[in-house]
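Data first, discussion second: the structure below is written as structure tokens.
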Amino acid sequence: MEFQVSNKAKMLTTVLMAVGIVFTLVGVIMAMGDHQLGTKIYSNMLVNSFFFFGIGLGALFFLALQYATETGWYAVIKRVIEAVAGFLPFGVGMMLITLLTLSFTHGGHVYMWMDPDTVAHDSLVSGKSAYLNQVFFWIRTLAYMGIYLIFWRGFKNRSILQDQNADMAVDLHFKNYRKGAAFLVFFAYFSSTSSWDWIMSIDTHWFSTLFGWYTFAGTWCSTMIVLVTLTLYLKKKGYLPKVNESHIHDLGKWTFATSFLWSYLWFSQFMLIWYANIPEEVTYYLTRRDNFTFLYFGMFFINFAFPMLILMSRDAKRHAGILTFVGLIIFAGHWLDVWVMVMPGTIGPKASVGLLDLGMAVLCLGFFVRVVLTNLTKAPLVAVNHPFLDESLHHDI
């Protein structure tokens with residue numbers, strides 16, 4: 001069955017983007033005269049471009065994972081995963097605009113290591129300049145994005161080719177199997193180093209060897225929420241009739257598992273650094289504990305307690321209303337997680353979630369939803385020649 005974006009969905013995404021623009025403009029007007037206004041705009045650009053780029057990348061990772069493990073259950077929702085992964089080129093564009101803006105403004109008070117004066121007068125920043133310099137930063141950034149886009153394009157083209165050529169389906173499957181495994185090798189390294197470059201380097205004096213995994217876990221959880229919510233939306237609209245409760249249950253389990261993975265890494269990073277009590281390491285947490293207590297610990301409570309208390313049971317993982325309700329709350333919680341990663345290091349103790357922050361988030365959300373829904377129209381919703389389609393159609397747990 002071919003998917004068509006309904007007029008209601010188009011209107012909703014348009015309204016979201018319009019509301020986002022209005023909120024952003026009002027937020028800018030209200031902040032006129034604030035010497036940190038530029039930094040607030042740049043910081044919010046980074047928060048939202050990184051968050052939504054990460055969801056597209058997370059879907060690409062999840063797709064590659066299914067290929068590399070030769071999973072069968074996911075075949076009937078493969079196009080849903082591909083539609084979300086299809087946001088990746090737009091996410092790359094958003095990230096490039098943000099990073100280029102910061103690069104041309106000597107960091108925009110977001111990346112202090114890009115400011116020559118800071119490097120000249122700060123021995124710790126200067127000591128990291130062999131890695132944190134604009135030339136090497138852009139070489140790494142373009143390498144990450146180029147490789148991600150190459151793999152995304154390859155998976156996309158082979159998926160369409162598989163639909164059109166039943167006799168090539170098995171050969172294309174094994175090619176995807178090999179390419180999926182290769183992608184995971186690149187991703188295992190790049191997912192950490194890119195988060196160091198784009199997020200951790202904001203707090204230039206601080207570092208954590210767990211930071212890359214922690215950031216990735218949040219991205220993965222956000223991706224699973226989008227996948228399960230989108231699948232439920234399509235099923236409610238009469239699409240994906242072959243998706244059964246077992247498929248929904250598996251998506252719910254992934255959401256539950258990735259939420260606990262994120263919680264484990266949040267606690268591990270916090271506990272190890274706090275227990276060691278080394279001044280240059282705990283400064284990151286002192287800033288967030290003392291000045292953003294409610295947001296920091298509230299965000300952890302949302303992202304840990306809600307899935308633990310509500311999604312633990314089998315029935316909850318199969319209930320559309322519960323999954324949607326919990327998913328939207330956790331989704332907002334992970335956006336707050338990225339906000340807390342960025343804002344205390346750029347704006348400082350006076351940072352707060354205001355109209356500017358909410359406006360840019362809503363604007364990007366509307367754009368993200370419109371792109372993903374449009375992607376769903378570009379191919380049949382079921383990958384008809386997938387070798388494991390029959391297994392997926394009879395999936396029962």
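Identifiers in this document derive from the order of the structure tokens: chains are assigned A, B, ..., residues are numbered from 1 separately in each chain, and ligands are numbered from 1 in order of occurrence.
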Each region 174-232 of chain A residue no farther than 12 Å from region 155-162 of chain A, nearest pair in Å, only C-alpha atoms, as a Markdown table:
```
| residue | atom | partner | partner_atom | distance |
| --- | --- | --- | --- | --- |
| A:Phe174 | CA | A:Arg158 | CA | 10.9 |
| A:Lys175 | CA | A:Arg158 | CA | 8.7 |
| A:Asn176 | CA | A:Phe155 | CA | 6.9 |
| A:Tyr177 | CA | A:Phe155 | CA | 10.3 |
| A:Arg178 | CA | A:Phe155 | CA | 11.2 |
| A:Lys179 | CA | A:Phe155 | CA | 8.3 |
| A:Gly180 | CA | A:Phe155 | CA | 8.6 |
| A:Phe183 | CA | A:Phe155 | CA | 10.6 |
```
| task | Just the residues within 9 Å of region 238-250 of chain A, please, counting only C-alpha atoms, with nothing from its chain fewer than 3 positions along; format it as an MDAnalysis selection string. | result | chainID A and resid 1:3 73:74 76:77 228 231:235 253:255 314:320 381:382 392:397
Keeping only N, CA and C atoms, write the selected residues as a PDB file, in the first residue's frame.
```pdb
ATOM      1  N   MET A   1       0.842  -1.197   0.000  1.00  0.00           N
ATOM      2  CA  MET A   1       0.000   0.000   0.000  1.00  0.00           C
ATOM      3  C   MET A   1       0.883   1.255   0.000  1.00  0.00           C
ATOM      4  N   GLU A   2       0.591   2.171  -0.894  1.00  0.00           N
ATOM      5  CA  GLU A   2       1.341   3.418  -0.974  1.00  0.00           C
ATOM      6  C   GLU A   2       0.871   4.388   0.122  1.00  0.00           C
ATOM      7  N   PHE A   3       1.812   5.059   0.712  1.00  0.00           N
ATOM      8  CA  PHE A   3       1.478   6.026   1.765  1.00  0.00           C
ATOM      9  C   PHE A   3       1.361   7.413   1.165  1.00  0.00           C
ATOM     10  N   TRP A  73      12.606 -10.315  12.066  1.00  0.00           N
ATOM     11  CA  TRP A  73      11.334  -9.755  12.523  1.00  0.00           C
ATOM     12  C   TRP A  73      11.036  -8.367  11.972  1.00  0.00           C
ATOM     13  N   TYR A  74      12.089  -7.608  11.643  1.00  0.00           N
ATOM     14  CA  TYR A  74      11.917  -6.192  11.318  1.00  0.00           C
ATOM     15  C   TYR A  74      11.490  -5.938   9.871  1.00  0.00           C
ATOM     16  N   VAL A  76       8.906  -6.135   7.994  1.00  0.00           N
ATOM     17  CA  VAL A  76       7.677  -5.402   7.664  1.00  0.00           C
ATOM     18  C   VAL A  76       7.729  -3.937   8.109  1.00  0.00           C
ATOM     19  N   ILE A  77       8.685  -3.573   8.959  1.00  0.00           N
ATOM     20  CA  ILE A  77       8.821  -2.161   9.347  1.00  0.00           C
ATOM     21  C   ILE A  77      10.119  -1.553   8.810  1.00  0.00           C
ATOM     22  N   VAL A 228       8.826   3.551  17.069  1.00  0.00           N
ATOM     23  CA  VAL A 228       7.617   2.915  17.593  1.00  0.00           C
ATOM     24  C   VAL A 228       6.409   3.849  17.446  1.00  0.00           C
ATOM     25  N   THR A 231       5.408   3.886  13.708  1.00  0.00           N
ATOM     26  CA  THR A 231       4.766   2.620  13.353  1.00  0.00           C
ATOM     27  C   THR A 231       3.330   2.571  13.864  1.00  0.00           C
ATOM     28  N   LEU A 232       3.126   3.010  15.102  1.00  0.00           N
ATOM     29  CA  LEU A 232       1.776   3.035  15.669  1.00  0.00           C
ATOM     30  C   LEU A 232       0.875   4.007  14.910  1.00  0.00           C
ATOM     31  N   TYR A 233       1.429   5.144  14.489  1.00  0.00           N
ATOM     32  CA  TYR A 233       0.664   6.126  13.718  1.00  0.00           C
ATOM     33  C   TYR A 233       0.218   5.531  12.391  1.00  0.00           C
ATOM     34  N   LEU A 234       1.142   4.868  11.696  1.00  0.00           N
ATOM     35  CA  LEU A 234       0.812   4.273  10.398  1.00  0.00           C
ATOM     36  C   LEU A 234      -0.226   3.164  10.544  1.00  0.00           C
ATOM     37  N   LYS A 235      -0.085   2.369  11.590  1.00  0.00           N
ATOM     38  CA  LYS A 235      -1.036   1.281  11.800  1.00  0.00           C
ATOM     39  C   LYS A 235      -2.430   1.825  12.123  1.00  0.00           C
ATOM     40  N   LYS A 253      10.309  -3.241  23.472  1.00  0.00           N
ATOM     41  CA  LYS A 253      11.456  -3.794  24.214  1.00  0.00           C
ATOM     42  C   LYS A 253      12.734  -3.016  23.909  1.00  0.00           C
ATOM     43  N   TRP A 254      12.906  -2.651  22.646  1.00  0.00           N
ATOM     44  CA  TRP A 254      14.078  -1.852  22.290  1.00  0.00           C
ATOM     45  C   TRP A 254      14.044  -0.493  22.988  1.00  0.00           C
ATOM     46  N   THR A 255      12.857   0.112  23.042  1.00  0.00           N
ATOM     47  CA  THR A 255      12.717   1.393  23.735  1.00  0.00           C
ATOM     48  C   THR A 255      13.061   1.237  25.212  1.00  0.00           C
ATOM     49  N   ARG A 314       4.739  -6.850  29.988  1.00  0.00           N
ATOM     50  CA  ARG A 314       4.566  -7.271  28.594  1.00  0.00           C
ATOM     51  C   ARG A 314       3.400  -6.519  27.945  1.00  0.00           C
ATOM     52  N   ASP A 315       2.300  -6.402  28.671  1.00  0.00           N
ATOM     53  CA  ASP A 315       1.111  -5.755  28.105  1.00  0.00           C
ATOM     54  C   ASP A 315       1.383  -4.295  27.756  1.00  0.00           C
ATOM     55  N   ALA A 316       2.165  -3.598  28.583  1.00  0.00           N
ATOM     56  CA  ALA A 316       2.452  -2.186  28.336  1.00  0.00           C
ATOM     57  C   ALA A 316       3.223  -2.001  27.040  1.00  0.00           C
ATOM     58  N   LYS A 317       4.091  -2.951  26.707  1.00  0.00           N
ATOM     59  CA  LYS A 317       4.891  -2.854  25.484  1.00  0.00           C
ATOM     60  C   LYS A 317       4.067  -3.142  24.231  1.00  0.00           C
ATOM     61  N   ARG A 318       2.831  -3.564  24.416  1.00  0.00           N
ATOM     62  CA  ARG A 318       1.947  -3.854  23.286  1.00  0.00           C
ATOM     63  C   ARG A 318       0.784  -2.873  23.205  1.00  0.00           C
ATOM     64  N   HIS A 319       0.729  -1.939  24.139  1.00  0.00           N
ATOM     65  CA  HIS A 319      -0.402  -1.011  24.220  1.00  0.00           C
ATOM     66  C   HIS A 319      -0.027   0.307  23.547  1.00  0.00           C
ATOM     67  N   ALA A 320      -0.738   0.646  22.467  1.00  0.00           N
ATOM     68  CA  ALA A 320      -0.381   1.834  21.678  1.00  0.00           C
ATOM     69  C   ALA A 320      -0.432   3.107  22.512  1.00  0.00           C
ATOM     70  N   LEU A 381       5.358   0.705   1.374  1.00  0.00           N
ATOM     71  CA  LEU A 381       5.596   0.588   2.816  1.00  0.00           C
ATOM     72  C   LEU A 381       6.103  -0.788   3.235  1.00  0.00           C
ATOM     73  N   VAL A 382       6.003  -1.769   2.354  1.00  0.00           N
ATOM     74  CA  VAL A 382       6.530  -3.095   2.644  1.00  0.00           C
ATOM     75  C   VAL A 382       7.587  -3.445   1.601  1.00  0.00           C
ATOM     76  N   SER A 392       9.008 -12.469   8.978  1.00  0.00           N
ATOM     77  CA  SER A 392       8.493 -11.292   9.667  1.00  0.00           C
ATOM     78  C   SER A 392       6.973 -11.294   9.729  1.00  0.00           C
ATOM     79  N   LEU A 393       6.333 -11.747   8.639  1.00  0.00           N
ATOM     80  CA  LEU A 393       4.874 -11.781   8.611  1.00  0.00           C
ATOM     81  C   LEU A 393       4.310 -12.763   9.639  1.00  0.00           C
ATOM     82  N   HIS A 394       5.088 -13.794   9.968  1.00  0.00           N
ATOM     83  CA  HIS A 394       4.642 -14.795  10.942  1.00  0.00           C
ATOM     84  C   HIS A 394       5.332 -14.631  12.294  1.00  0.00           C
ATOM     85  N   HIS A 395       5.825 -13.430  12.546  1.00  0.00           N
ATOM     86  CA  HIS A 395       6.531 -13.174  13.801  1.00  0.00           C
ATOM     87  C   HIS A 395       5.561 -13.264  14.981  1.00  0.00           C
ATOM     88  N   ASP A 396       5.941 -14.071  15.967  1.00  0.00           N
ATOM     89  CA  ASP A 396       5.068 -14.251  17.132  1.00  0.00           C
ATOM     90  C   ASP A 396       5.929 -14.513  18.371  1.00  0.00           C
ATOM     91  N   ILE A 397       5.775 -13.658  19.375  1.00  0.00           N
ATOM     92  CA  ILE A 397       6.523 -13.857  20.615  1.00  0.00           C
ATOM     93  C   ILE A 397       5.568 -13.778  21.817  1.00  0.00           C
TER      94      ILE A 397
END
```
| task | Excluding Phe187 (chain A) and residues on its chain fewer than 2 positions from it, collect all residues at most 12 Å away from it, counting only C-alpha atoms, and give them as a ChimeraX atom specification. | result | /A:57-58,60-62,64-65,143-145,147-148,151,180-185,189-195,212-213,216
Let's have the selection written as an mmCIF file, in the first residue's frame, with C-alpha atoms.
```
data_model
loop_
_atom_site.group_PDB
_atom_site.id
_atom_site.type_symbol
_atom_site.label_atom_id
_atom_site.label_comp_id
_atom_site.auth_asym_id
_atom_site.auth_seq_id
_atom_site.Cartn_x
_atom_site.Cartn_y
_atom_site.Cartn_z
ATOM 1 C CA LEU A 57 21.855 8.615 12.313
ATOM 2 C CA GLY A 58 20.402 6.357 15.000
ATOM 3 C CA LEU A 60 20.756 4.292 10.028
ATOM 4 C CA PHE A 61 22.653 2.502 12.798
ATOM 5 C CA PHE A 62 19.592 0.432 13.709
ATOM 6 C CA ALA A 64 22.720 -1.541 9.687
ATOM 7 C CA LEU A 65 22.424 -3.550 12.909
ATOM 8 C CA ALA A 143 34.860 12.361 7.228
ATOM 9 C CA TYR A 144 32.049 11.451 9.647
ATOM 10 C CA MET A 145 29.347 12.985 7.522
ATOM 11 C CA ILE A 147 30.928 8.163 5.333
ATOM 12 C CA TYR A 148 27.477 8.263 6.942
ATOM 13 C CA PHE A 151 26.374 4.191 3.608
ATOM 14 C CA GLY A 180 25.985 -3.287 7.545
ATOM 15 C CA ALA A 181 28.882 -4.947 9.363
ATOM 16 C CA ALA A 182 31.326 -2.457 7.822
ATOM 17 C CA PHE A 183 29.147 0.477 8.893
ATOM 18 C CA LEU A 184 29.108 -0.759 12.489
ATOM 19 C CA VAL A 185 32.913 -0.727 12.520
ATOM 20 C CA TYR A 189 34.596 4.760 16.445
ATOM 21 C CA PHE A 190 32.861 7.784 14.943
ATOM 22 C CA SER A 191 29.908 7.814 17.341
ATOM 23 C CA SER A 192 32.307 8.528 20.202
ATOM 24 C CA THR A 193 34.756 10.881 18.528
ATOM 25 C CA SER A 194 32.023 12.995 16.919
ATOM 26 C CA SER A 195 30.338 13.526 20.291
ATOM 27 C CA GLY A 212 30.580 9.014 23.653
ATOM 28 C CA TRP A 213 28.697 5.920 24.761
ATOM 29 C CA PHE A 216 25.007 7.450 21.742
#
```
| field | Those in region 65-109 of chain A with alpha helix (DSSP H) from DSSP, as a PyMOL selection string | value | chain A and resi 65-68+78-85+88-104
Expected file: the selected residues, C-alpha atoms, as a CSV table (one decimal), in the first residue's frame:
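Here's the written file part.csv:
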```csv
chain,number,residue,atom,x,y,z
A,65,LEU,CA,22.4,-3.6,12.9
A,66,GLN,CA,19.5,-5.5,11.5
A,67,TYR,CA,21.4,-6.2,8.3
A,68,ALA,CA,24.6,-7.3,10.1
A,78,LYS,CA,12.0,-1.8,7.3
A,79,ARG,CA,10.6,1.1,5.3
A,80,VAL,CA,9.7,3.0,8.6
A,81,ILE,CA,13.3,2.7,9.7
A,82,GLU,CA,14.5,3.9,6.2
A,83,ALA,CA,12.1,6.9,6.3
A,84,VAL,CA,13.6,8.1,9.6
A,85,ALA,CA,17.2,7.4,8.4
A,88,LEU,CA,20.1,12.1,7.7
A,89,PRO,CA,21.0,14.4,4.7
A,90,PHE,CA,18.9,17.1,6.2
A,91,GLY,CA,20.4,16.5,9.6
A,92,VAL,CA,23.9,16.8,8.0
A,93,GLY,CA,22.8,20.1,6.4
A,94,MET,CA,21.6,21.4,9.7
A,95,MET,CA,24.8,20.4,11.5
A,96,LEU,CA,27.0,21.9,8.7
A,97,ILE,CA,25.2,25.2,8.9
A,98,THR,CA,25.6,25.3,12.7
A,99,LEU,CA,29.2,24.3,12.7
A,100,LEU,CA,30.1,26.7,9.9
A,101,THR,CA,28.4,29.5,11.8
A,102,LEU,CA,30.4,28.7,14.9
A,103,SER,CA,33.6,28.3,12.9
A,104,PHE,CA,33.3,31.7,11.2
```
| message | Residues within 12 Å of Ile329 (chain A), please, as a PyMOL selection string. Count only C-alpha atoms; anything in the same chain fewer than 2 positions from it doesn't count. | response | chain A and resi 222+225-226+229+298-307+310+322-327+331-336
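Closest approach to Trp113 (chain A) among A:His35, A:His205, A:Lys350, A:Lys40: A:His205, based on only C-alpha atoms.
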| message | From the options A:Val22, A:Met343, A:Val170, A:Ile199, which residue's atoms come nearest to Phe292 (chain A), counting only C-alpha atoms? | response | A:Met343
| task | Rank nothing, just name the residue among A:Ser352, A:Thr258, A:Ser313, A:Thr204 nearest to Glu281 (chain A), using only C-alpha atoms. | result |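 Answer, going by the shortest atom-to-atom distance: A:Thr204.
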| task | Have a look at CA of His173 (chain A) and CA of Cys221 (chain A) and let me know their distance in Å, one decimal. | result |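 One can read the CA of His173 (chain A) to CA of Cys221 (chain A) distance as 26.5 Å.
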Would you list the contacts of region 261-265 of chain A as a PDB file with C-alpha atoms, in the first residue's frame, taking every protein, DNA or RNA residue within 7 Å and counting only C-alpha atoms, but skipping same-chain residues closer than 6 positions in sequence?
```
ATOM      1  CA  TYR A 214      26.430   7.964  26.994  1.00  0.00           C
ATOM      2  CA  ALA A 217      22.644   5.699  24.180  1.00  0.00           C
ATOM      3  CA  GLY A 218      20.458   8.802  24.383  1.00  0.00           C
ATOM      4  CA  PHE A 304      14.730   6.287  33.848  1.00  0.00           C
TER       5      PHE A 304
END
```
| For CA of Met308 (chain A) and CA of Val338 (chain A), the interatomic separation in Å (one decimal) |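 Taking CA of Met308 (chain A) as the start and CA of Val338 (chain A) as the end point, the length is 21.3 Å.
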Listing only residues of region 185-259 of chain A within 9 Å of region 267-280 of chain A, what is the closest atom pair and its distance in Å (to one decimal) for each, using only C-alpha atoms, sorted by chain and residue number ascending, as JSON lines?
```
{"residue": "A:His205", "atom": "CA", "partner": "A:Glu280", "partner_atom": "CA", "distance": 7.3}
{"residue": "A:Trp206", "atom": "CA", "partner": "A:Glu280", "partner_atom": "CA", "distance": 6.6}
{"residue": "A:Ser208", "atom": "CA", "partner": "A:Gln269", "partner_atom": "CA", "distance": 7.6}
{"residue": "A:Thr209", "atom": "CA", "partner": "A:Gln269", "partner_atom": "CA", "distance": 8.6}
{"residue": "A:Leu210", "atom": "CA", "partner": "A:Gln269", "partner_atom": "CA", "distance": 6.2}
{"residue": "A:Phe211", "atom": "CA", "partner": "A:Gln269", "partner_atom": "CA", "distance": 7.6}
{"residue": "A:Tyr214", "atom": "CA", "partner": "A:Gln269", "partner_atom": "CA", "distance": 8.1}
```
| said: Using only C-alpha atoms, can you tell me which of A:Asp115, A:Gly72, A:Phe388, A:Pro380 comes closest to Gln164 (chain A)? | reply: A:Pro380
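Rounded to one decimal, CA of Phe256 (chain A) and CA of Leu63 (chain A) lie 18.3 Å from each other.
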